[in-house]
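Asks: Sharing input.txt, compact mmCIF, C-alpha atoms and all ligand atoms:
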```txt
# COMPACT_ATOMS: atom_id res chain seq x y z
CA MET Y 3 134.54 42.01 151.44
CA ASN Y 4 137.36 44.45 150.83
CA PHE Y 5 136.35 48.01 150.02
CA ALA Y 6 139.86 49.50 150.11
CA PHE Y 7 140.60 51.78 147.14
CA SER Y 8 143.53 50.91 144.87
CA GLU Y 9 146.59 53.13 144.47
CA ASP Y 10 145.30 54.31 141.11
CA GLU Y 11 141.93 55.19 142.65
CA GLN Y 12 143.58 57.09 145.51
CA LYS Y 13 145.65 59.01 142.96
CA PHE Y 14 142.47 59.92 141.13
CA ARG Y 15 140.95 61.27 144.35
CA THR Y 16 144.03 63.42 144.96
CA GLU Y 17 143.86 64.77 141.39
CA LEU Y 18 140.17 65.53 141.78
CA ARG Y 19 140.71 67.39 145.04
CA ALA Y 20 143.40 69.53 143.43
CA PHE Y 21 141.05 70.28 140.53
CA LEU Y 22 138.23 71.23 142.89
CA ALA Y 23 140.54 73.42 144.95
CA SER Y 24 141.51 75.35 141.82
CA GLU Y 25 138.03 75.55 140.25
CA LEU Y 26 135.62 76.22 143.11
CA PRO Y 27 135.19 79.94 143.77
CA SER Y 28 135.21 81.13 147.37
CA TRP Y 29 131.50 82.02 147.13
CA TRP Y 30 130.44 78.50 146.10
CA ARG Y 31 128.02 77.05 148.68
CA GLY Y 32 126.08 74.65 146.46
CA MET Y 33 122.78 75.04 144.64
CA PHE Y 34 120.85 75.52 147.82
CA VAL Y 35 121.40 79.26 147.95
CA ASP Y 36 119.72 82.21 146.29
CA ASP Y 37 122.70 83.19 144.19
CA PRO Y 38 122.31 83.99 140.47
CA ARG Y 39 125.93 82.92 139.91
CA ALA Y 40 125.25 79.32 140.97
CA MET Y 41 123.46 77.86 137.92
CA PRO Y 42 125.80 79.30 135.24
CA PHE Y 43 128.74 78.18 137.36
CA THR Y 44 127.50 74.56 137.49
CA ARG Y 45 127.11 74.49 133.71
CA ALA Y 46 130.60 75.88 133.08
CA PHE Y 47 132.06 73.54 135.71
CA SER Y 48 130.36 70.50 134.13
CA ARG Y 49 131.86 71.39 130.75
CA LYS Y 50 135.32 71.54 132.36
CA LEU Y 51 134.75 68.12 133.92
CA ALA Y 52 133.67 66.86 130.48
CA GLU Y 53 136.85 68.20 128.87
CA ARG Y 54 138.84 66.06 131.31
CA GLY Y 55 136.65 63.02 130.62
CA TRP Y 56 135.31 63.09 134.18
CA LEU Y 57 131.70 64.05 133.63
CA THR Y 58 130.53 60.69 132.29
CA MET Y 59 133.59 58.65 133.14
CA ALA Y 60 131.65 55.41 133.74
CA TRP Y 61 129.99 55.47 130.31
CA PRO Y 62 131.30 53.41 127.36
CA LYS Y 63 134.06 55.13 125.36
CA GLU Y 64 131.83 55.07 122.29
CA TRP Y 65 129.43 57.46 124.05
CA GLY Y 66 131.89 59.91 125.52
CA GLY Y 67 132.86 57.96 128.62
CA ALA Y 68 136.05 56.37 129.85
CA GLU Y 69 134.59 53.03 130.99
CA ALA Y 70 135.82 53.83 134.49
CA SER Y 71 134.90 51.31 137.16
CA PRO Y 72 131.88 52.01 139.39
CA TRP Y 73 134.44 52.55 142.17
CA LYS Y 74 136.17 55.40 140.38
CA GLN Y 75 132.77 56.86 139.72
CA ALA Y 76 131.97 56.52 143.41
CA ILE Y 77 135.09 58.54 144.23
CA LEU Y 78 133.97 61.24 141.82
CA ARG Y 79 130.51 61.36 143.42
CA GLU Y 80 131.93 61.46 146.93
CA GLU Y 81 134.21 64.37 146.11
CA MET Y 82 131.42 66.25 144.32
CA TRP Y 83 129.00 65.78 147.20
CA ALA Y 84 131.61 66.67 149.79
CA HIS Y 85 132.08 69.94 147.87
CA ASP Y 86 128.39 70.88 147.61
CA GLU Y 87 127.79 69.13 144.27
CA PRO Y 88 129.21 71.65 141.77
CA ARG Y 89 127.71 69.66 138.87
CA GLY Y 90 124.35 71.12 139.99
CA PRO Y 91 121.33 69.67 138.16
CA GLN Y 92 123.58 67.68 135.79
CA TYR Y 93 123.40 64.86 138.34
CA MET Y 94 120.09 63.78 136.77
CA ASN Y 95 121.64 63.32 133.31
CA LEU Y 96 124.64 61.52 134.67
CA ASN Y 97 123.15 59.32 137.33
CA TYR Y 98 120.14 57.85 135.65
CA ILE Y 99 118.75 59.56 132.55
CA GLY Y 100 121.92 58.88 130.54
CA PRO Y 101 122.26 55.33 131.93
CA CYS Y 102 118.58 54.64 131.06
CA ILE Y 103 119.15 55.83 127.48
CA LEU Y 104 122.29 53.69 127.32
CA ARG Y 105 120.34 50.68 128.48
CA PHE Y 106 116.98 51.09 126.77
CA GLY Y 107 117.64 53.52 123.89
CA SER Y 108 117.94 52.78 120.17
CA GLU Y 109 121.25 53.45 118.39
CA ALA Y 110 119.77 56.64 116.92
CA GLN Y 111 118.66 57.84 120.38
CA LYS Y 112 122.09 57.14 121.84
CA ARG Y 113 123.73 59.08 118.98
CA ARG Y 114 121.35 61.97 119.47
CA PHE Y 115 121.11 62.30 123.25
CA LEU Y 116 124.30 60.94 124.81
CA PRO Y 117 127.06 63.12 123.27
CA PRO Y 118 125.49 66.42 124.44
CA MET Y 119 125.13 64.96 127.95
CA ALA Y 120 128.74 63.73 127.93
CA ALA Y 121 129.86 67.24 126.91
CA GLY Y 122 127.85 68.88 129.71
CA ASP Y 123 125.88 70.85 127.13
CA VAL Y 124 122.33 69.90 128.03
CA LEU Y 125 120.03 69.84 131.03
CA TRP Y 126 117.20 67.36 131.63
CA THR Y 127 114.37 67.37 134.11
CA GLN Y 128 112.52 64.38 135.50
CA GLY Y 129 108.76 64.27 134.78
CA PHE Y 130 107.42 61.47 136.97
CA SER Y 131 105.32 62.82 139.87
CA GLU Y 132 101.80 64.18 139.47
CA PRO Y 133 99.35 65.65 141.96
CA GLY Y 134 97.69 62.19 142.14
CA ALA Y 135 100.78 60.05 141.59
CA GLY Y 136 103.77 60.32 143.93
CA SER Y 137 104.55 57.23 145.98
CA ASP Y 138 101.92 55.45 143.92
CA LEU Y 139 103.73 56.28 140.69
CA ALA Y 140 101.82 53.70 138.66
CA ALA Y 141 98.77 56.00 139.03
CA VAL Y 142 100.31 58.40 136.47
CA ALA Y 143 97.45 59.94 134.46
CA THR Y 144 99.31 62.19 131.98
CA ARG Y 145 98.16 60.82 128.64
CA ALA Y 146 100.34 60.23 125.59
CA GLU Y 147 97.83 59.31 122.89
CA PRO Y 148 99.32 57.57 119.88
CA SER Y 149 98.99 59.70 116.73
CA THR Y 150 100.04 59.09 113.10
CA ASP Y 151 103.64 60.23 113.65
CA GLY Y 152 104.10 59.77 117.38
CA PHE Y 153 102.16 60.87 120.46
CA VAL Y 154 100.10 63.80 121.68
CA VAL Y 155 100.68 64.53 125.37
CA ASN Y 156 98.15 66.11 127.75
CA GLY Y 157 98.46 66.34 131.53
CA GLN Y 158 100.37 67.77 134.45
CA LYS Y 159 103.58 66.94 136.28
CA ILE Y 160 104.69 68.38 139.63
CA TRP Y 161 107.83 68.85 141.80
CA ASN Y 162 110.06 68.93 138.73
CA SER Y 163 113.50 69.96 139.93
CA TYR Y 164 115.20 72.62 137.81
CA ALA Y 165 112.64 72.42 134.97
CA ASP Y 166 112.91 76.21 134.67
CA ALA Y 167 116.72 76.25 134.91
CA PRO Y 168 115.84 75.92 132.00
CA ALA Y 169 115.94 72.20 131.24
CA GLU Y 170 116.00 71.54 127.51
CA TRP Y 171 114.58 68.00 127.76
CA CYS Y 172 112.18 66.09 129.99
CA PHE Y 173 112.36 62.39 130.84
CA LEU Y 174 108.60 61.93 130.92
CA LEU Y 175 106.55 59.05 132.30
CA ALA Y 176 103.15 59.03 130.60
CA ARG Y 177 100.23 56.69 129.99
CA THR Y 178 100.16 55.39 126.42
CA SER Y 179 97.40 52.84 127.05
CA VAL Y 180 94.38 53.00 129.33
CA ALA Y 181 93.29 49.50 128.37
CA ALA Y 182 96.44 47.80 129.70
CA LYS Y 183 96.87 47.13 133.46
CA ARG Y 184 98.20 50.26 135.22
CA HIS Y 185 101.92 49.37 135.24
CA HIS Y 186 101.77 48.02 131.70
CA GLY Y 187 100.17 51.11 130.14
CA LEU Y 188 103.09 53.42 130.93
CA SER Y 189 105.87 54.59 128.61
CA VAL Y 190 108.86 56.92 128.77
CA LEU Y 191 108.99 59.76 126.27
CA LEU Y 192 111.97 62.05 125.71
CA VAL Y 193 110.27 65.40 125.36
CA ASP Y 194 111.83 68.56 123.99
CA MET Y 195 110.81 71.23 126.51
CA ARG Y 196 110.80 73.83 123.73
CA THR Y 197 107.81 72.14 122.01
CA ALA Y 198 104.60 74.19 121.73
CA GLY Y 199 102.17 73.41 124.57
CA VAL Y 200 104.80 72.85 127.31
CA ASP Y 201 104.32 75.30 130.17
CA VAL Y 202 106.66 75.39 133.20
CA ARG Y 203 105.39 77.09 136.36
CA PRO Y 204 107.68 77.61 139.37
CA ILE Y 205 106.52 76.50 142.85
CA ASP Y 206 107.66 78.50 145.86
CA SER Y 207 108.93 76.36 148.68
CA MET Y 208 109.16 76.85 152.44
CA ALA Y 209 112.64 75.36 152.11
CA GLY Y 210 113.99 78.57 150.61
CA PRO Y 211 115.88 78.74 147.31
CA HIS Y 212 113.87 77.95 144.23
CA GLU Y 213 114.14 74.50 142.72
CA LEU Y 214 110.67 73.04 142.15
CA ASN Y 215 108.18 73.46 139.32
CA GLU Y 216 105.01 72.16 137.74
CA ILE Y 217 104.95 71.26 134.04
CA PHE Y 218 101.72 71.43 132.08
CA PHE Y 219 101.36 69.65 128.73
CA GLU Y 220 98.64 70.72 126.34
CA ASP Y 221 98.44 68.88 123.02
CA VAL Y 222 102.22 68.49 122.95
CA ALA Y 223 103.36 66.63 119.82
CA VAL Y 224 106.14 64.11 120.56
CA PRO Y 225 107.68 62.30 117.57
CA ARG Y 226 107.71 58.50 117.59
CA ASP Y 227 111.51 58.40 117.67
CA CYS Y 228 111.34 59.99 121.14
CA LEU Y 229 109.73 56.91 122.69
CA LEU Y 230 112.38 55.24 124.88
CA GLY Y 231 112.27 51.45 124.61
CA GLU Y 232 108.87 49.96 123.75
CA ALA Y 233 105.42 51.38 124.42
CA GLY Y 234 104.40 49.87 127.78
CA GLN Y 235 108.01 49.48 128.98
CA GLY Y 236 107.87 52.67 131.08
CA TRP Y 237 107.57 50.98 134.45
CA GLU Y 238 110.62 48.80 133.85
CA ILE Y 239 112.61 51.86 132.73
CA VAL Y 240 111.71 54.13 135.66
CA THR Y 241 112.27 51.34 138.18
CA ALA Y 242 115.81 50.83 136.83
CA GLY Y 243 116.27 54.61 136.70
CA LEU Y 244 115.22 55.13 140.31
CA THR Y 245 117.65 52.45 141.43
CA PHE Y 246 120.49 54.17 139.54
CA GLU Y 247 119.38 57.46 141.13
CA ARG Y 248 119.37 56.03 144.66
CA VAL Y 249 122.87 54.58 144.32
CA GLY Y 250 124.09 57.64 142.44
CA ILE Y 251 123.75 60.17 145.21
CA ALA Y 252 126.63 60.18 147.67
CA ARG Y 253 124.74 61.93 150.47
CA TYR Y 254 126.95 60.26 153.07
CA ALA Y 255 129.97 62.11 151.62
CA ARG Y 256 128.31 65.45 152.25
CA ALA Y 257 127.30 64.35 155.76
CA GLY Y 258 130.89 63.22 156.35
CA ARG Y 259 132.21 66.65 155.34
CA VAL Y 260 129.78 68.41 157.68
CA ILE Y 261 130.90 66.11 160.52
CA GLU Y 262 134.55 67.02 159.76
CA LEU Y 263 133.71 70.73 159.88
CA LEU Y 264 131.81 70.28 163.16
CA VAL Y 265 134.81 68.48 164.65
CA GLU Y 266 137.12 71.33 163.54
CA HIS Y 267 134.69 73.86 165.00
CA ALA Y 268 134.48 71.96 168.30
CA GLY Y 269 138.29 71.91 168.46
CA ALA Y 270 138.64 75.62 167.69
CA THR Y 271 135.98 76.76 170.16
CA GLY Y 272 136.75 74.55 173.14
CA LEU Y 273 133.54 72.55 172.70
CA ALA Y 274 135.67 69.49 172.05
CA GLY Y 275 136.18 69.12 175.82
CA ASP Y 276 132.45 68.76 176.47
CA SER Y 277 131.69 65.07 176.94
CA GLU Y 278 128.18 65.37 175.50
CA VAL Y 279 129.49 67.04 172.33
CA ARG Y 280 132.22 64.42 171.97
CA SER Y 281 129.74 61.60 172.37
CA LYS Y 282 127.36 63.12 169.80
CA LEU Y 283 130.15 63.59 167.27
CA ALA Y 284 131.44 60.06 167.83
CA ARG Y 285 127.93 58.65 167.29
CA LEU Y 286 127.59 60.59 164.04
CA ARG Y 287 130.90 59.25 162.84
CA VAL Y 288 129.71 55.69 163.44
CA GLN Y 289 126.48 56.37 161.51
CA TYR Y 290 128.53 57.90 158.70
CA GLU Y 291 130.78 54.82 158.42
CA ALA Y 292 127.71 52.56 158.32
CA ALA Y 293 126.16 54.70 155.54
CA ARG Y 294 129.38 54.63 153.54
CA LEU Y 295 129.68 50.85 153.76
CA LEU Y 296 126.02 50.30 152.88
CA ASN Y 297 126.59 52.41 149.76
CA TYR Y 298 129.72 50.47 148.90
CA ARG Y 299 127.72 47.26 149.15
CA ALA Y 300 125.24 48.55 146.54
CA ILE Y 301 128.12 49.76 144.34
CA SER Y 302 129.86 46.37 144.56
CA LEU Y 303 126.70 44.71 143.21
CA GLN Y 304 126.57 47.28 140.41
CA ALA Y 305 130.23 46.54 139.66
CA ALA Y 306 129.24 42.88 139.31
CA GLY Y 307 126.63 43.88 136.71
CA ARG Y 308 123.58 43.56 138.96
CA VAL Y 309 120.79 46.06 139.67
CA PRO Y 310 120.97 46.49 143.46
CA ALA Y 311 117.31 47.36 144.06
CA VAL Y 312 116.98 46.35 147.73
CA GLU Y 313 120.54 47.33 148.63
CA ALA Y 314 120.04 50.76 147.05
CA SER Y 315 116.94 51.29 149.19
CA ILE Y 316 118.75 50.15 152.35
CA ALA Y 317 121.65 52.50 151.60
CA ARG Y 318 119.35 55.39 150.78
CA LEU Y 319 117.28 54.93 153.94
CA HIS Y 320 120.41 55.10 156.05
CA ASN Y 321 121.91 57.99 154.04
CA THR Y 322 118.91 60.25 154.29
CA GLN Y 323 118.44 59.59 157.99
CA LEU Y 324 122.15 60.23 158.55
CA GLU Y 325 121.86 63.61 156.81
CA GLN Y 326 118.98 64.62 159.05
CA GLN Y 327 120.79 63.41 162.18
CA VAL Y 328 123.86 65.45 161.21
CA SER Y 329 121.61 68.50 160.78
CA ASP Y 330 119.92 68.02 164.18
CA VAL Y 331 123.12 67.27 166.10
CA GLY Y 332 124.97 70.10 164.30
CA LEU Y 333 122.35 72.59 165.40
CA GLU Y 334 122.43 71.24 168.96
CA ILE Y 335 126.22 71.71 169.04
CA LEU Y 336 126.22 75.19 167.51
CA GLY Y 337 123.24 76.35 169.54
CA LEU Y 338 121.05 79.25 168.44
CA ALA Y 339 123.82 80.75 166.28
CA GLY Y 340 123.60 77.65 164.09
CA GLN Y 341 120.35 79.00 162.68
CA LEU Y 342 122.05 82.07 161.22
CA THR Y 343 122.34 82.26 157.45
CA ALA Y 344 125.50 82.86 155.40
CA ASP Y 345 124.84 86.58 155.01
CA ASP Y 346 125.13 87.10 158.80
CA PRO Y 347 128.75 87.70 159.82
CA ALA Y 348 128.05 86.03 163.18
CA ALA Y 349 126.99 82.76 161.52
CA PRO Y 350 129.31 79.93 162.56
CA LEU Y 351 130.78 77.92 159.66
CA THR Y 352 129.37 80.50 157.21
CA GLY Y 353 125.77 79.42 157.84
CA LEU Y 354 126.52 75.80 156.94
CA LEU Y 355 124.17 74.30 159.49
CA HIS Y 356 121.23 76.44 158.47
CA ARG Y 357 121.68 75.30 154.85
CA GLN Y 358 122.25 71.72 155.90
CA TRP Y 359 119.17 71.60 158.12
CA VAL Y 360 116.79 73.16 155.62
CA ARG Y 361 118.04 71.21 152.64
CA THR Y 362 117.84 67.85 154.38
CA ILE Y 363 114.14 68.16 155.28
CA PRO Y 364 113.04 66.83 151.85
CA THR Y 365 115.76 64.17 151.51
CA THR Y 366 113.45 61.54 152.99
CA ILE Y 367 110.86 62.41 150.32
CA THR Y 368 112.76 62.65 147.02
CA ALA Y 369 113.40 59.58 144.83
CA GLY Y 370 110.85 57.62 146.89
CA THR Y 371 109.94 58.45 150.48
CA LEU Y 372 111.32 56.78 153.58
CA GLU Y 373 108.17 54.68 153.83
CA VAL Y 374 108.43 53.63 150.19
CA GLN Y 375 112.04 52.51 150.76
CA LYS Y 376 110.90 50.52 153.79
CA ASN Y 377 108.18 48.86 151.72
CA ILE Y 378 110.74 47.88 149.04
CA ILE Y 379 113.00 46.39 151.72
CA ALA Y 380 110.09 44.59 153.39
CA GLU Y 381 108.64 43.15 150.19
CA ARG Y 382 111.65 42.48 147.99
CA GLY Y 383 114.28 42.07 150.68
CA LEU Y 384 112.34 40.21 153.36
CA GLY Y 385 109.66 38.61 151.19
CA LEU Y 386 106.82 40.11 153.23
CA PRO Y 387 103.43 40.55 151.52
CA ARG Y 388 102.55 43.86 149.82
CA ALA Y 389 101.26 46.58 152.12
CA ARG Y 390 97.51 47.08 151.85
C1 LIG Y 401 112.96 68.42 146.76
C2 LIG Y 401 112.14 67.51 145.90
C3 LIG Y 401 112.49 67.34 144.57
C4 LIG Y 401 111.71 66.51 143.75
N1 LIG Y 401 112.05 66.41 142.43
C5 LIG Y 401 111.25 65.70 141.59
C6 LIG Y 401 111.51 65.66 140.20
O1 LIG Y 401 112.47 66.26 139.70
N2 LIG Y 401 110.66 64.97 139.38
C7 LIG Y 401 109.60 64.29 139.89
O2 LIG Y 401 108.88 63.66 139.11
N3 LIG Y 401 109.30 64.31 141.22
C8 LIG Y 401 110.10 65.00 142.07
N4 LIG Y 401 109.81 65.05 143.42
C9 LIG Y 401 108.60 64.41 143.90
C10 LIG Y 401 108.83 63.16 144.77
O3 LIG Y 401 109.25 62.09 143.96
C11 LIG Y 401 107.52 62.88 145.48
O4 LIG Y 401 107.28 63.96 146.37
C12 LIG Y 401 107.55 61.59 146.25
O5 LIG Y 401 107.56 60.49 145.37
C13 LIG Y 401 106.34 61.45 147.20
O6 LIG Y 401 105.14 61.66 146.52
P1 LIG Y 401 104.05 62.69 147.07
O7 LIG Y 401 104.71 63.99 147.35
O8 LIG Y 401 102.92 62.69 146.13
O9 LIG Y 401 103.59 62.11 148.46
P2 LIG Y 401 102.56 60.93 148.70
O10 LIG Y 401 102.87 59.79 147.81
O11 LIG Y 401 101.18 61.48 148.67
O12 LIG Y 401 102.92 60.50 150.17
C14 LIG Y 401 102.46 61.21 151.33
C15 LIG Y 401 102.91 60.44 152.57
O13 LIG Y 401 102.29 59.13 152.59
C16 LIG Y 401 103.28 58.11 152.68
N5 LIG Y 401 102.89 56.94 151.90
C17 LIG Y 401 102.43 56.93 150.62
N6 LIG Y 401 102.20 55.66 150.23
C18 LIG Y 401 102.55 54.85 151.26
C19 LIG Y 401 102.55 53.44 151.45
N7 LIG Y 401 102.15 52.59 150.51
N8 LIG Y 401 102.97 52.95 152.65
C20 LIG Y 401 103.38 53.79 153.65
N9 LIG Y 401 103.38 55.16 153.51
C21 LIG Y 401 102.99 55.67 152.35
C22 LIG Y 401 104.54 58.73 152.10
O14 LIG Y 401 105.70 58.09 152.57
C23 LIG Y 401 104.42 60.18 152.59
O15 LIG Y 401 104.90 60.29 153.89
C24 LIG Y 401 110.58 65.85 144.27
C25 LIG Y 401 110.24 66.02 145.62
C26 LIG Y 401 110.99 66.84 146.43
C27 LIG Y 401 110.59 67.01 147.87
```
For this file, write the structure as structure tokens.
Ligand SMILES: Cc1cc2nc3c(=O)[nH]c(=O)nc-3n(C[C@H](O)[C@H](O)[C@H](O)COP(=O)(O)OP(=O)(O)OC[C@H]3O[C@@H](n4cnc5c(N)ncnc54)[C@H](O)[C@@H]3O)c2cc1C
Replies:
Amino acid sequence: MNFAFSEDEQKFRTELRAFLASELPSWWRGMFVDDPRAMPFTRAFSRKLAERGWLTMAWPKEWGGAEASPWKQAILREEMWAHDEPRGPQYMNLNYIGPCILRFGSEAQKRRFLPPMAAGDVLWTQGFSEPGAGSDLAAVATRAEPSTDGFVVNGQKIWNSYADAPAEWCFLLARTSVAAKRHHGLSVLLVDMRTAGVDVRPIDSMAGPHELNEIFFEDVAVPRDCLLGEAGQGWEIVTAGLTFERVGIARYARAGRVIELLVEHAGATGLAGDSEVRSKLARLRVQYEAARLLNYRAISLQAAGRVPAVEASIARLHNTQLEQQVSDVGLEILGLAGQLTADDPAAPLTGLLHRQWVRTIPTTITAGTLEVQKNIIAERGLGLPRAR
């Protein structure tokens, strides 16, 4: 297996870095800060990426893409993640909501929903989890009752990232049939968040800056042409979507950048001579390389037109654990000062480790918990029986 990037791909990375250097303001520290400038910045930045054809570069030309290879797209993701993901919540549109519409949508749905995504003009939120349906997603109870001209939705979703950003659309998993077996009674609806009866309520989080919400649906009318795929095809669609999501997040690139900054810090402060620090940094580097290669393995399957379900879970498991290890080791190296936040002038690396540590607590929960990934690997990868 040869994962070396071509000359053209390397050139693209250089171009991207130059673009990021000129576009990212000095205050940019990612979405995980309480800064009112962050959200508008991500929207403006995404539009600039779109103007250059970089926002949805892997999509077909017909739908605003450039048919770039999955590898070029991987470079884009790596650079975005290494620079605190300036596309902000757009990652949901790009990584899996758009690809799901491309794969399962009608021509009319593609015409309606894909161009605004490709232009960076619209924000979506994911409506999967419920208070009684997280890891056991097939337990979704939000009802979409068929009506004469579509569906009427009643129920509640929870942990919806950036729903109050505000997201204009929701990629909603709902139950269209109670008679069918649980997985077979689910459908995906594309719901306009401005419809009467949709109520978004923010959830405060111990992890600091606001991101999470609940969404309540009360007699929400959804037209029939907003059903994605067939009624009952919801499970197939979200399973494909979650796989795209798991491959689509280059967490290792962010971890790699933090390791680089820790190495620079160790060099500048004399810590680099400490054998324990050196050994910890070297170990992190090894973990980082393993995470990168596991991701490349999943991408190579995608490039061959396959859905890398097990490989995506293996890569994600390693990625999320790497992020948490980088946070722990980073704090050990920086000592107590590592806990200081960006607004404290004494904070080393402008509070990077505080942000990194707090933001990586939930990484082993989102898009399927660590245990869920292990179950996927055990059942689909190793052929072990389902967990009871
Ligand atoms: C930051 C963040 C952002 C999120 N964004 C969104 C979003 O935008 N949209 C959305 O729909 N959801 C979102 N989620 C929700 C996320 O998908 C769920 O939290 C996740 O699927 C776990 O579900 P749960 O919280 O109900 O936990 P539970 O499913 O109740 O799990 C509790 C614990 O039990 C373990 N467990 C459960 N089942 C098994 C099993 N079979 N075997 C072994 N262990 C098991 C889990 O691993 C976990 O440790 C987000 C979550 C977070 C933290």
Asks: With all atoms listed in the file as the counted atoms, please give the residues lying no more than 8 Å from Leu229 (chain Y), apart from itself and same-chain residues fewer than 5 positions off, as JSON, numbers by chain.
Replies: {"Y": [189, 190, 191, 192]}
Asks: Do you have the atom N1 of ligand LIG 401 (chain Y)-CA of Leu214 (chain Y) distance handy?
Replies: 6.8 Å
Asks: Near region 93-95 of chain Y, counting only C-alpha atoms, which residues have an atom at most 8 Å away, once you skip same-chain residues fewer than 4 positions from it, shown as a ChimeraX atom specification?
Replies: /Y:89,99-100,119,125-128,247
Asks: Could you list, as a VMD selection string, every residue within 12 Å of Leu303 (chain Y), counting all atoms listed in the file and ignoring same-chain residues fewer than 4 positions away?
Replies: chain Y and resid 3 72 to 73 246 249 296 to 299 307 to 314
Asks: Find the residue from Y:Leu283, Y:Ala300, Y:Ala242, Y:Ile103 that sits nearest to Leu230 (chain Y); use only C-alpha atoms when measuring.
Replies: Y:Ile103
Asks: Quick one: residues within 7 Å of region 51-67 of chain Y, only C-alpha atoms counted, chain neighbours fewer than 5 positions away excluded, as a PDB file with C-alpha atoms, in the frame of the given file?
Replies:
```pdb
ATOM      1  CA  PRO Y  72     131.880  52.010 139.390  1.00  0.00           C
ATOM      2  CA  GLN Y  75     132.770  56.860 139.720  1.00  0.00           C
ATOM      3  CA  LEU Y  96     124.640  61.520 134.670  1.00  0.00           C
ATOM      4  CA  LEU Y 116     124.300  60.940 124.810  1.00  0.00           C
ATOM      5  CA  PRO Y 117     127.060  63.120 123.270  1.00  0.00           C
ATOM      6  CA  ALA Y 120     128.740  63.730 127.930  1.00  0.00           C
ATOM      7  CA  ALA Y 121     129.860  67.240 126.910  1.00  0.00           C
ATOM      8  CA  GLY Y 122     127.850  68.880 129.710  1.00  0.00           C
TER       9      GLY Y 122
END
```
Asks: So that I can check the surroundings of Gly134 (chain Y), please list as a ChimeraX atom specification every protein, DNA and RNA residue that reaches within 9 Å of it, counting all atoms listed in the file and ignoring chain neighbours fewer than 6 positions away.
Replies: /Y:141-143
Asks: Store the residues of this selection in a file with C-alpha atoms, as a PDB file, in the frame of the given file.
Replies:
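Okay, this is what ended up in again.pdb:
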```pdb
ATOM      1  CA  ALA Y 141      98.770  56.000 139.030  1.00  0.00           C
ATOM      2  CA  VAL Y 142     100.310  58.400 136.470  1.00  0.00           C
ATOM      3  CA  ALA Y 143      97.450  59.940 134.460  1.00  0.00           C
TER       4      ALA Y 143
END
```
Asks: Just to confirm, what's the straight-line distance from CA of Ala40 (chain Y) to atom O9 of ligand LIG 401 (chain Y) in Å (one decimal)?
Replies: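 Taking CA of Ala40 (chain Y) and atom O9 of ligand LIG 401 (chain Y), their separation equals 28.7 Å.
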Asks: Hey, which residues come within 10 Å of ligand LIG 401 (chain Y) if we count only C-alpha atoms and all ligand atoms? Could you give them as a VMD selection string?
Replies: chain Y and resid 91 94 126 to 139 159 to 165 172 to 175 207 209 212 to 217 244 361 to 378 388 to 390
Asks: Anything within 12 Å of (119.6, 63.4, 156.6): list those residues as a VMD selection string, counting all atoms listed in the file and sticking to the file's coordinates.
Replies: chain Y and resid 252 to 258 260 286 289 to 290 293 318 to 332 358 to 368 372
Asks: Taking all atoms listed in the file into account, which of Y:Ala317, Y:Ile335, Y:Arg79, Y:Gln341 comes nearest Ser277 (chain Y)?
Replies: Y:Ile335
